[in-house]
file coords_11.txt (compact mmCIF, C-alpha atoms)
# COMPACT_ATOMS: atom_id res chain seq x y z
CA MET J 1 160.36 106.40 -16.71
CA GLY J 2 160.17 106.91 -20.43
CA VAL J 3 160.19 109.34 -23.30
CA ALA J 4 157.82 108.92 -26.19
CA PRO J 5 159.42 108.88 -29.64
CA ALA J 6 160.30 112.42 -30.70
CA GLY J 7 160.88 114.17 -33.98
CA GLN J 8 164.26 115.56 -34.89
CA GLY J 9 165.45 118.27 -32.52
CA GLN J 10 166.52 121.66 -33.69
CA GLU J 11 169.92 121.64 -32.04
CA CYS J 12 171.25 118.16 -32.79
CA PRO J 13 169.55 116.09 -35.51
CA GLU J 14 168.98 112.51 -34.37
CA GLY J 15 170.67 109.55 -36.00
CA LYS J 16 174.13 110.97 -36.66
CA ALA J 17 175.99 108.91 -34.08
CA HIS J 18 173.52 106.13 -33.31
CA ARG J 19 174.42 102.51 -33.76
CA LEU J 20 172.42 99.36 -33.11
CA GLY J 21 169.44 101.38 -31.89
CA GLU J 22 171.54 103.24 -29.31
CA GLU J 23 171.97 106.97 -28.80
CA LEU J 24 174.51 109.21 -27.15
CA VAL J 25 174.38 110.89 -23.75
CA LEU J 26 177.02 113.52 -22.99
CA GLY J 27 178.21 114.98 -19.69
CA ARG J 28 178.91 113.62 -16.22
CA ASN J 29 175.48 114.02 -14.63
CA PRO J 30 173.47 112.73 -17.62
CA VAL J 31 175.77 109.71 -17.98
CA MET J 32 175.58 108.97 -14.26
CA GLU J 33 171.77 109.07 -14.31
CA ALA J 34 171.73 106.87 -17.42
CA LEU J 35 173.85 104.36 -15.53
CA ARG J 36 171.56 104.48 -12.51
CA GLY J 37 168.57 104.06 -14.79
CA GLY J 38 170.09 100.94 -16.34
CA ARG J 39 170.26 102.38 -19.87
CA ALA J 40 173.99 102.87 -20.39
CA ALA J 41 175.57 100.19 -22.57
CA ARG J 42 179.08 101.60 -22.93
CA VAL J 43 180.91 104.54 -21.32
CA MET J 44 183.81 106.42 -22.86
CA ILE J 45 185.97 108.84 -20.84
CA ALA J 46 188.78 111.17 -21.84
CA ARG J 47 192.17 109.60 -21.35
CA GLY J 48 193.78 110.66 -18.10
CA SER J 49 190.57 111.90 -16.50
CA ARG J 50 190.85 111.92 -12.72
CA GLY J 51 188.96 113.31 -9.78
CA GLY J 52 186.13 112.40 -7.46
CA ALA J 53 183.32 112.76 -10.00
CA PHE J 54 185.05 110.46 -12.49
CA GLU J 55 185.86 107.89 -9.82
CA VAL J 56 182.24 107.75 -8.66
CA LEU J 57 181.07 107.38 -12.25
CA LEU J 58 183.58 104.61 -12.97
CA ARG J 59 182.57 102.71 -9.82
CA GLU J 60 178.93 102.95 -10.83
CA ALA J 61 179.70 101.65 -14.33
CA ARG J 62 181.79 98.74 -13.08
CA SER J 63 179.22 97.77 -10.46
CA ARG J 64 176.66 97.43 -13.24
CA GLY J 65 178.96 95.56 -15.59
CA VAL J 66 179.07 98.41 -18.12
CA ARG J 67 182.14 98.54 -20.32
CA VAL J 68 184.35 101.61 -19.79
CA GLU J 69 186.83 102.73 -22.44
CA GLU J 70 189.43 105.49 -22.30
CA MET J 71 190.06 107.50 -25.46
CA ASP J 72 191.66 110.75 -26.54
CA ARG J 73 189.61 113.84 -25.80
CA SER J 74 189.87 114.82 -29.46
CA ARG J 75 187.97 111.66 -30.38
CA LEU J 76 185.21 112.52 -27.90
CA ASP J 77 185.10 115.98 -29.46
CA ARG J 78 184.57 114.42 -32.89
CA MET J 79 181.83 112.12 -31.60
CA ALA J 80 179.97 115.05 -30.08
CA ALA J 81 180.42 117.12 -33.25
CA GLU J 82 179.17 114.27 -35.46
CA HIS J 83 176.12 113.82 -33.28
CA CYS J 84 175.27 117.50 -33.53
CA GLY J 85 175.72 117.73 -37.26
CA ASP J 86 176.34 121.28 -38.44
CA GLN J 87 175.34 122.85 -35.13
CA GLY J 88 178.69 122.32 -33.45
CA PRO J 89 179.75 120.01 -30.63
CA LEU J 90 178.12 119.79 -27.25
CA ARG J 91 180.27 120.00 -24.14
CA HIS J 92 180.83 116.43 -23.07
CA GLN J 93 182.87 117.13 -19.89
CA GLY J 94 185.16 114.24 -20.76
CA VAL J 95 182.51 111.52 -20.73
CA ILE J 96 180.09 110.11 -23.31
CA ALA J 97 177.90 107.02 -23.13
CA TYR J 98 175.99 104.93 -25.60
CA VAL J 99 172.56 104.27 -24.13
CA ALA J 100 169.50 102.32 -25.13
CA PRO J 101 166.50 104.48 -26.12
CA LEU J 102 164.15 105.35 -23.30
CA PRO J 103 161.00 103.24 -23.34
CA PRO J 104 157.90 105.14 -24.46
CA SER J 105 155.45 106.62 -22.00
CA ASP J 106 151.99 108.08 -22.44
CA ILE J 107 149.66 110.45 -20.63
CA PRO J 108 147.29 107.82 -19.14
CA SER J 109 150.27 106.06 -17.51
CA ILE J 110 151.44 109.38 -16.02
CA LEU J 111 148.05 109.97 -14.45
CA GLU J 112 147.78 106.39 -13.21
CA SER J 113 151.25 106.60 -11.66
CA ALA J 114 150.24 109.72 -9.71
CA ARG J 115 146.99 108.26 -8.48
CA SER J 116 148.58 104.94 -7.54
CA ARG J 117 150.72 106.95 -5.11
CA GLY J 118 147.69 108.71 -3.69
CA GLN J 119 148.66 112.03 -5.27
CA ASP J 120 146.74 114.49 -7.40
CA PRO J 121 148.34 114.54 -10.85
CA LEU J 122 150.60 117.50 -11.61
CA VAL J 123 151.56 117.73 -15.28
CA VAL J 124 153.59 120.41 -17.08
CA ALA J 125 152.60 121.08 -20.71
CA LEU J 126 154.89 123.16 -22.90
CA ASP J 127 153.69 125.22 -25.86
CA GLY J 128 156.48 126.20 -28.24
CA ILE J 129 159.57 126.00 -26.03
CA GLU J 130 162.27 126.19 -28.71
CA ASP J 131 165.40 126.66 -26.59
CA PRO J 132 166.90 123.25 -25.63
CA MET J 133 168.40 124.77 -22.48
CA ASN J 134 164.99 125.98 -21.33
CA LEU J 135 163.38 122.63 -22.11
CA GLY J 136 166.05 120.75 -20.18
CA SER J 137 165.81 123.17 -17.27
CA ILE J 138 162.02 122.80 -17.11
CA ILE J 139 162.29 118.99 -17.13
CA ARG J 140 164.85 119.18 -14.31
CA THR J 141 162.64 121.48 -12.22
CA ALA J 142 159.53 119.41 -12.93
CA GLU J 143 161.25 116.29 -11.62
CA ALA J 144 162.62 118.11 -8.57
CA SER J 145 159.29 119.73 -7.68
CA GLY J 146 157.32 116.50 -7.80
CA ALA J 147 155.53 116.86 -11.13
CA HIS J 148 154.45 113.55 -12.60
CA GLY J 149 155.26 114.22 -16.25
CA VAL J 150 155.93 116.73 -19.01
CA ILE J 151 154.09 117.07 -22.32
CA VAL J 152 155.76 118.67 -25.33
CA PRO J 153 154.44 119.18 -28.88
CA ARG J 154 156.15 117.47 -31.76
CA ARG J 155 156.33 120.60 -33.94
CA ARG J 156 157.56 124.15 -33.34
CA ALA J 157 159.43 123.07 -30.22
CA ALA J 158 162.85 121.80 -29.18
CA GLY J 159 163.29 118.07 -29.69
CA LEU J 160 164.53 115.66 -27.05
CA THR J 161 168.18 116.02 -28.01
CA PRO J 162 171.43 115.38 -26.10
CA ALA J 163 171.47 119.11 -25.32
CA VAL J 164 168.12 118.78 -23.58
CA ALA J 165 169.25 115.68 -21.69
CA ARG J 166 172.38 117.48 -20.54
CA ALA J 167 170.47 120.61 -19.49
CA SER J 168 168.12 118.42 -17.48
CA ALA J 169 171.17 117.09 -15.55
CA GLY J 170 169.84 113.58 -16.09
CA ALA J 171 166.30 114.27 -14.85
CA ILE J 172 164.99 113.04 -18.19
CA GLU J 173 165.94 109.55 -16.99
CA HIS J 174 163.42 109.71 -14.15
CA LEU J 175 160.48 111.79 -15.39
CA PRO J 176 158.14 110.77 -18.24
CA VAL J 177 158.23 113.19 -21.16
CA VAL J 178 155.50 112.60 -23.73
CA VAL J 179 155.70 114.10 -27.22
CA VAL J 180 152.27 114.79 -28.73
CA SER J 181 151.04 115.83 -32.16
CA ASN J 182 148.21 118.11 -30.99
CA LEU J 183 148.64 119.89 -27.66
CA VAL J 184 145.13 121.37 -27.63
CA TYR J 185 143.60 117.93 -28.12
CA GLU J 186 145.65 116.48 -25.28
CA LEU J 187 144.76 119.34 -22.93
CA ARG J 188 141.07 118.78 -23.63
CA ALA J 189 141.58 115.09 -22.90
CA LEU J 190 143.20 115.98 -19.60
CA LYS J 191 140.17 118.09 -18.72
CA GLU J 192 137.93 115.11 -19.42
CA ARG J 193 140.09 113.11 -17.01
CA GLY J 194 139.45 115.64 -14.26
CA LEU J 195 142.46 117.96 -14.47
CA TRP J 196 142.26 121.74 -14.33
CA ILE J 197 144.32 123.54 -16.97
CA ALA J 198 146.29 126.58 -15.75
CA GLY J 199 147.99 128.74 -18.37
CA LEU J 200 151.01 130.85 -17.46
CA ASP J 201 150.26 134.30 -18.88
CA ALA J 202 151.24 137.88 -18.06
CA GLY J 203 147.57 138.85 -17.80
CA GLY J 204 146.67 136.07 -15.39
CA ASP J 205 145.74 136.30 -11.71
CA PRO J 206 148.71 136.74 -9.34
CA LEU J 207 150.47 133.48 -8.68
CA TRP J 208 150.06 133.44 -4.91
CA GLU J 209 146.36 134.25 -5.12
CA THR J 210 145.59 131.25 -7.34
CA ASP J 211 144.63 127.79 -6.11
CA LEU J 212 147.07 125.32 -7.66
CA LYS J 213 146.06 122.29 -5.61
CA GLY J 214 144.18 119.32 -6.98
CA PRO J 215 144.63 117.59 -10.36
CA LEU J 216 146.40 120.19 -12.49
CA ALA J 217 148.22 120.77 -15.75
CA ILE J 218 150.41 123.88 -15.91
CA VAL J 219 150.87 125.24 -19.44
CA VAL J 220 154.05 127.20 -20.14
CA GLY J 221 154.45 129.13 -23.39
CA GLY J 222 157.45 129.70 -25.59
CA GLU J 223 160.09 132.37 -25.25
CA GLY J 224 158.74 135.77 -26.24
CA LYS J 225 155.40 134.58 -27.61
CA GLY J 226 153.81 132.90 -24.61
CA ILE J 227 151.06 130.34 -25.03
CA GLY J 228 149.18 130.29 -28.32
CA ARG J 229 145.61 131.50 -28.79
CA LEU J 230 143.97 128.07 -29.08
CA VAL J 231 145.93 126.76 -26.12
CA LYS J 232 144.98 129.81 -24.06
CA GLU J 233 141.31 129.32 -24.93
CA THR J 234 141.57 125.73 -23.71
CA CYS J 235 142.86 126.78 -20.28
CA ASP J 236 140.43 126.93 -17.37
CA PHE J 237 142.25 129.90 -15.87
CA LEU J 238 145.41 131.97 -16.30
CA VAL J 239 148.08 132.63 -13.72
CA GLY J 240 150.62 135.45 -13.85
CA ILE J 241 153.87 136.29 -12.09
CA PRO J 242 153.86 139.91 -10.82
CA MET J 243 156.83 141.89 -12.12
CA MET J 244 158.02 144.56 -9.68
CA GLY J 245 160.97 145.87 -11.68
CA ARG J 246 161.47 147.26 -15.17
CA MET J 247 161.55 143.89 -16.94
CA GLU J 248 158.31 142.74 -18.54
CA SER J 249 158.89 139.00 -18.44
CA LEU J 250 161.06 136.18 -17.14
CA ASN J 251 162.96 133.41 -18.88
CA ALA J 252 160.52 130.56 -19.60
CA GLY J 253 162.47 128.12 -17.45
CA VAL J 254 162.51 130.51 -14.48
CA ALA J 255 158.80 131.33 -14.82
CA ALA J 256 157.90 127.64 -15.02
CA ALA J 257 159.98 126.93 -11.91
CA LEU J 258 158.17 129.61 -9.90
CA VAL J 259 154.76 128.19 -10.78
CA MET J 260 155.77 124.58 -10.16
CA TYR J 261 157.17 125.36 -6.74
CA GLU J 262 154.13 127.43 -5.79
CA ALA J 263 152.01 124.39 -6.70
CA LEU J 264 154.29 122.21 -4.57
CA HIS J 265 154.11 124.70 -1.69
CA GLN J 266 150.33 124.76 -1.71
CA ARG J 267 150.14 120.98 -1.84
CA MET J 268 152.55 120.64 1.07
CA ILE J 269 150.78 123.08 3.37
CA GLY J 270 147.36 121.83 2.27
CA ARG J 271 145.53 125.12 2.56
CA SER J 272 144.15 127.82 0.31
CA PRO J 273 146.77 130.40 -0.70
CA ALA J 274 144.42 133.14 0.47
CA THR J 275 144.28 131.91 4.08

call {"tool": "encode", "arguments": {"input": "coords_11.txt", "output": "C-alpha cells"}}
result
Amino acid sequence: MGVAPAGQGQECPEGKAHRLGEELVLGRNPVMEALRGGRAARVMIARGSRGGAFEVLLREARSRGVRVEEMDRSRLDRMAAEHCGDQGPLRHQGVIAYVAPLPPSDIPSILESARSRGQDPLVVALDGIEDPMNLGSIIRTAEASGAHGVIVPRRRAAGLTPAVARASAGAIEHLPVVVVSNLVYELRALKERGLWIAGLDAGGDPLWETDLKGPLAIVVGGEGKGIGRLVKETCDFLVGIPMMGRMESLNAGVAAALVMYEALHQRMIGRSPAT
C-alpha cells in the first residue's frame, strides 16, 4: 500500500535526515511494519538493547537480509533531532530505520481494491487535522476497522511525518493514504463514482440511527473547528455523536474511531441500524 507524495509536515520538516531517496522511521512498531512491508533498508538499534521486542525485530531484519547496526543511544537521539529540525526529537524507543519512500497511491486504485474484494468502498477523508498524533491515530483505526484508504489535504493539515507514522503504529505501511490539493473536488468525484459522503458534525443525526452501509466516505473535521463550510455543503448527510455528559465534543481521533467502527458494525450485521 502506498502514500502519495506529501508536502512538508508541521512537526518534522522532510529532508533533514534523508539520504539516497530514503527517509527515517522511528520506534519499534513502525520499524517492524516497515520491515514486514519490505521497505526497510537499514536498521539501527541502541547499543545494549535487549528484550523480546528487540529480538523479534532483529530476527525479522536478518531474515530479510536487512543490515542491522548498533550505535550509542546519543547518536540515535541526534538523528531524531536532526530529522525534526527545530521541533525537538521524536521518541525512537531505541530503534531507527532508513526506509525507501512508500510508492504513490491514488483514489481510483483504492476504490478498485475494495471492489476487487467484493466490498463496498469505505474511505476516510480528513479536513484540517493538524495534530500529527490525531492523524496517526485515525490512520491506525482506519486500517484496523477495515477502511480501504484515507484522504488528507495538502494544506492546513498535518503532513505525513515520522510522528504520524509512529502514532499509526506502522498502519501507514498497510493502508493507502492519498494527499490531495482540493478536498471538495475529490469528494465530488467520489460522489460521481457512487459513494455517499457522510460528514461528522455535532448537528448531525445520531450515529446509531444513520445508515453507514454501502459505498461511503466519512469526513472528519479538524480539532475545534470541525469540517469546513464548503466540505459540509458537499456532504450528502451529517452524522453526530450524542454527548451525554458536560463535554461538548470529543478528540478528533476518538470521534473518527466511533464512526468507523459503527460503519464496520453495520456492515458486519448487514441490517439497518433502526431494526

call {"tool": "residues_around", "arguments": {"input": "coords_11.txt", "residues": "Ala61 of chain J", "least_positions_apart": "5", "cutoff": "8 Å", "atoms": "only C-alpha atoms", "output": "compact mmCIF listing (two decimals) with C-alpha atoms, in the coordinates of the input"}}
result
# COMPACT_ATOMS: atom_id res chain seq x y z
CA LEU J 35 173.85 104.36 -15.53
CA VAL J 43 180.91 104.54 -21.32
CA VAL J 66 179.07 98.41 -18.12
CA ARG J 67 182.14 98.54 -20.32
CA VAL J 68 184.35 101.61 -19.79

call {"tool": "closest_atom_pairs", "arguments": {"input": "coords_11.txt", "of": "segment 179-218 of chain J", "to": "segment 96-113 of chain J", "cutoff": "10 Å", "atoms": "all atoms listed in the file", "output": "JSON lines"}}
result
{"residue": "J:Val179", "atom": "CA", "partner": "J:Asp106", "partner_atom": "CA", "distance": 8.5}
{"residue": "J:Val180", "atom": "CA", "partner": "J:Asp106", "partner_atom": "CA", "distance": 9.2}
{"residue": "J:Glu186", "atom": "CA", "partner": "J:Ile107", "partner_atom": "CA", "distance": 8.6}
{"residue": "J:Ala189", "atom": "CA", "partner": "J:Ile107", "partner_atom": "CA", "distance": 9.6}
{"residue": "J:Leu190", "atom": "CA", "partner": "J:Ile107", "partner_atom": "CA", "distance": 8.6}
{"residue": "J:Arg193", "atom": "CA", "partner": "J:Leu111", "partner_atom": "CA", "distance": 8.9}
{"residue": "J:Leu195", "atom": "CA", "partner": "J:Leu111", "partner_atom": "CA", "distance": 9.8}
{"residue": "J:Pro215", "atom": "CA", "partner": "J:Leu111", "partner_atom": "CA", "distance": 9.3}

call {"tool": "closest_residue", "arguments": {"input": "coords_11.txt", "among": "J:Leu216, J:Ile129, J:Val231, J:Met44", "to": "Gly194 of chain J", "atoms": "only C-alpha atoms"}}
result
J:Leu216

call {"tool": "axis_aligned_box", "arguments": {"input": "coords_11.txt", "around": "segment 42-58 of chain J", "padding_each_side": "4 Å", "output": "AutoDock Vina command-line options"}}
result
--center_x 186.4 --center_y 107.5 --center_z -15.2 --size_x 22.7 --size_y 19.7 --size_z 23.5

call {"tool": "closest_residue", "arguments": {"input": "coords_11.txt", "among": "J:Pro121, J:Gly128, J:Pro153, J:Pro242", "to": "Leu264 of chain J", "atoms": "all atoms listed in the file"}}
result
J:Pro121

call {"tool": "atom_distance", "arguments": {"input": "coords_11.txt", "atom1": "atom CA of Asp236 of chain J", "atom2": "atom CA of Ile197 of chain J"}}
result
5.2 Å

call {"tool": "build_atoms", "arguments": {"input": "coords_11.txt", "residues": "segment 152-185 of chain J", "atoms": "N, CA and C atoms", "output": "PDB file, keeping the file's coordinate frame"}}
result
ATOM      1  N   VAL J 152     155.202 117.720 -24.369  1.00  0.00           N
ATOM      2  CA  VAL J 152     155.760 118.670 -25.330  1.00  0.00           C
ATOM      3  C   VAL J 152     155.186 118.381 -26.716  1.00  0.00           C
ATOM      4  N   PRO J 153     154.940 119.405 -27.516  1.00  0.00           N
ATOM      5  CA  PRO J 153     154.440 119.180 -28.880  1.00  0.00           C
ATOM      6  C   PRO J 153     155.552 118.717 -29.803  1.00  0.00           C
ATOM      7  N   ARG J 154     155.170 117.991 -30.820  1.00  0.00           N
ATOM      8  CA  ARG J 154     156.150 117.470 -31.760  1.00  0.00           C
ATOM      9  C   ARG J 154     156.727 118.556 -32.665  1.00  0.00           C
ATOM     10  N   ARG J 155     155.907 119.566 -32.998  1.00  0.00           N
ATOM     11  CA  ARG J 155     156.330 120.600 -33.940  1.00  0.00           C
ATOM     12  C   ARG J 155     156.496 121.947 -33.225  1.00  0.00           C
ATOM     13  N   ARG J 156     157.307 122.796 -33.848  1.00  0.00           N
ATOM     14  CA  ARG J 156     157.560 124.150 -33.340  1.00  0.00           C
ATOM     15  C   ARG J 156     158.014 124.121 -31.880  1.00  0.00           C
ATOM     16  N   ALA J 157     158.913 123.202 -31.581  1.00  0.00           N
ATOM     17  CA  ALA J 157     159.430 123.070 -30.220  1.00  0.00           C
ATOM     18  C   ALA J 157     160.773 122.346 -30.291  1.00  0.00           C
ATOM     19  N   ALA J 158     161.574 122.515 -29.254  1.00  0.00           N
ATOM     20  CA  ALA J 158     162.850 121.800 -29.180  1.00  0.00           C
ATOM     21  C   ALA J 158     162.581 120.305 -29.088  1.00  0.00           C
ATOM     22  N   GLY J 159     163.390 119.522 -29.784  1.00  0.00           N
ATOM     23  CA  GLY J 159     163.290 118.070 -29.690  1.00  0.00           C
ATOM     24  C   GLY J 159     164.043 117.558 -28.476  1.00  0.00           C
ATOM     25  N   LEU J 160     163.871 116.274 -28.197  1.00  0.00           N
ATOM     26  CA  LEU J 160     164.530 115.660 -27.050  1.00  0.00           C
ATOM     27  C   LEU J 160     165.939 115.228 -27.461  1.00  0.00           C
ATOM     28  N   THR J 161     166.824 116.197 -27.520  1.00  0.00           N
ATOM     29  CA  THR J 161     168.180 116.020 -28.010  1.00  0.00           C
ATOM     30  C   THR J 161     169.159 115.804 -26.849  1.00  0.00           C
ATOM     31  N   PRO J 162     170.425 115.447 -27.153  1.00  0.00           N
ATOM     32  CA  PRO J 162     171.430 115.380 -26.100  1.00  0.00           C
ATOM     33  C   PRO J 162     171.587 116.692 -25.335  1.00  0.00           C
ATOM     34  N   ALA J 163     171.381 117.824 -26.018  1.00  0.00           N
ATOM     35  CA  ALA J 163     171.470 119.110 -25.320  1.00  0.00           C
ATOM     36  C   ALA J 163     170.398 119.226 -24.255  1.00  0.00           C
ATOM     37  N   VAL J 164     169.213 118.755 -24.558  1.00  0.00           N
ATOM     38  CA  VAL J 164     168.120 118.780 -23.580  1.00  0.00           C
ATOM     39  C   VAL J 164     168.433 117.840 -22.417  1.00  0.00           C
ATOM     40  N   ALA J 165     168.903 116.639 -22.743  1.00  0.00           N
ATOM     41  CA  ALA J 165     169.250 115.680 -21.690  1.00  0.00           C
ATOM     42  C   ALA J 165     170.312 116.246 -20.765  1.00  0.00           C
ATOM     43  N   ARG J 166     171.317 116.925 -21.365  1.00  0.00           N
ATOM     44  CA  ARG J 166     172.380 117.480 -20.540  1.00  0.00           C
ATOM     45  C   ARG J 166     171.867 118.635 -19.678  1.00  0.00           C
ATOM     46  N   ALA J 167     171.021 119.490 -20.259  1.00  0.00           N
ATOM     47  CA  ALA J 167     170.470 120.610 -19.490  1.00  0.00           C
ATOM     48  C   ALA J 167     169.565 120.131 -18.374  1.00  0.00           C
ATOM     49  N   SER J 168     168.978 118.965 -18.542  1.00  0.00           N
ATOM     50  CA  SER J 168     168.120 118.420 -17.480  1.00  0.00           C
ATOM     51  C   SER J 168     168.929 117.777 -16.371  1.00  0.00           C
ATOM     52  N   ALA J 169     170.264 117.703 -16.537  1.00  0.00           N
ATOM     53  CA  ALA J 169     171.170 117.090 -15.550  1.00  0.00           C
ATOM     54  C   ALA J 169     170.790 115.646 -15.262  1.00  0.00           C
ATOM     55  N   GLY J 170     170.207 114.977 -16.268  1.00  0.00           N
ATOM     56  CA  GLY J 170     169.840 113.580 -16.090  1.00  0.00           C
ATOM     57  C   GLY J 170     168.422 113.364 -15.611  1.00  0.00           C
ATOM     58  N   ALA J 171     167.674 114.428 -15.333  1.00  0.00           N
ATOM     59  CA  ALA J 171     166.300 114.270 -14.850  1.00  0.00           C
ATOM     60  C   ALA J 171     165.412 113.579 -15.868  1.00  0.00           C
ATOM     61  N   ILE J 172     165.773 113.673 -17.141  1.00  0.00           N
ATOM     62  CA  ILE J 172     164.990 113.040 -18.190  1.00  0.00           C
ATOM     63  C   ILE J 172     164.972 111.517 -18.041  1.00  0.00           C
ATOM     64  N   GLU J 173     165.917 110.980 -17.259  1.00  0.00           N
ATOM     65  CA  GLU J 173     165.940 109.550 -16.990  1.00  0.00           C
ATOM     66  C   GLU J 173     164.846 109.130 -16.021  1.00  0.00           C
ATOM     67  N   HIS J 174     164.314 110.064 -15.249  1.00  0.00           N
ATOM     68  CA  HIS J 174     163.420 109.710 -14.150  1.00  0.00           C
ATOM     69  C   HIS J 174     162.011 110.271 -14.278  1.00  0.00           C
ATOM     70  N   LEU J 175     161.785 111.147 -15.246  1.00  0.00           N
ATOM     71  CA  LEU J 175     160.480 111.790 -15.390  1.00  0.00           C
ATOM     72  C   LEU J 175     159.933 111.520 -16.784  1.00  0.00           C
ATOM     73  N   PRO J 176     158.706 111.019 -16.900  1.00  0.00           N
ATOM     74  CA  PRO J 176     158.140 110.770 -18.240  1.00  0.00           C
ATOM     75  C   PRO J 176     157.969 112.074 -19.006  1.00  0.00           C
ATOM     76  N   VAL J 177     158.428 112.067 -20.251  1.00  0.00           N
ATOM     77  CA  VAL J 177     158.230 113.190 -21.160  1.00  0.00           C
ATOM     78  C   VAL J 177     157.520 112.640 -22.394  1.00  0.00           C
ATOM     79  N   VAL J 178     156.323 113.121 -22.642  1.00  0.00           N
ATOM     80  CA  VAL J 178     155.500 112.600 -23.730  1.00  0.00           C
ATOM     81  C   VAL J 178     155.428 113.627 -24.845  1.00  0.00           C
ATOM     82  N   VAL J 179     155.768 113.225 -26.047  1.00  0.00           N
ATOM     83  CA  VAL J 179     155.700 114.100 -27.220  1.00  0.00           C
ATOM     84  C   VAL J 179     154.368 113.849 -27.916  1.00  0.00           C
ATOM     85  N   VAL J 180     153.606 114.926 -28.159  1.00  0.00           N
ATOM     86  CA  VAL J 180     152.270 114.790 -28.730  1.00  0.00           C
ATOM     87  C   VAL J 180     152.172 115.582 -30.038  1.00  0.00           C
ATOM     88  N   SER J 181     151.241 115.159 -30.887  1.00  0.00           N
ATOM     89  CA  SER J 181     151.040 115.830 -32.160  1.00  0.00           C
ATOM     90  C   SER J 181     150.151 117.057 -32.051  1.00  0.00           C
ATOM     91  N   ASN J 182     149.194 117.031 -31.119  1.00  0.00           N
ATOM     92  CA  ASN J 182     148.210 118.110 -30.990  1.00  0.00           C
ATOM     93  C   ASN J 182     148.035 118.448 -29.518  1.00  0.00           C
ATOM     94  N   LEU J 183     148.661 119.537 -29.081  1.00  0.00           N
ATOM     95  CA  LEU J 183     148.640 119.890 -27.660  1.00  0.00           C
ATOM     96  C   LEU J 183     147.238 120.253 -27.210  1.00  0.00           C
ATOM     97  N   VAL J 184     146.480 120.981 -28.016  1.00  0.00           N
ATOM     98  CA  VAL J 184     145.130 121.370 -27.630  1.00  0.00           C
ATOM     99  C   VAL J 184     144.270 120.140 -27.388  1.00  0.00           C
ATOM    100  N   TYR J 185     144.361 119.176 -28.280  1.00  0.00           N
ATOM    101  CA  TYR J 185     143.600 117.930 -28.120  1.00  0.00           C
ATOM    102  C   TYR J 185     143.953 117.240 -26.812  1.00  0.00           C
TER     103      TYR J 185
END
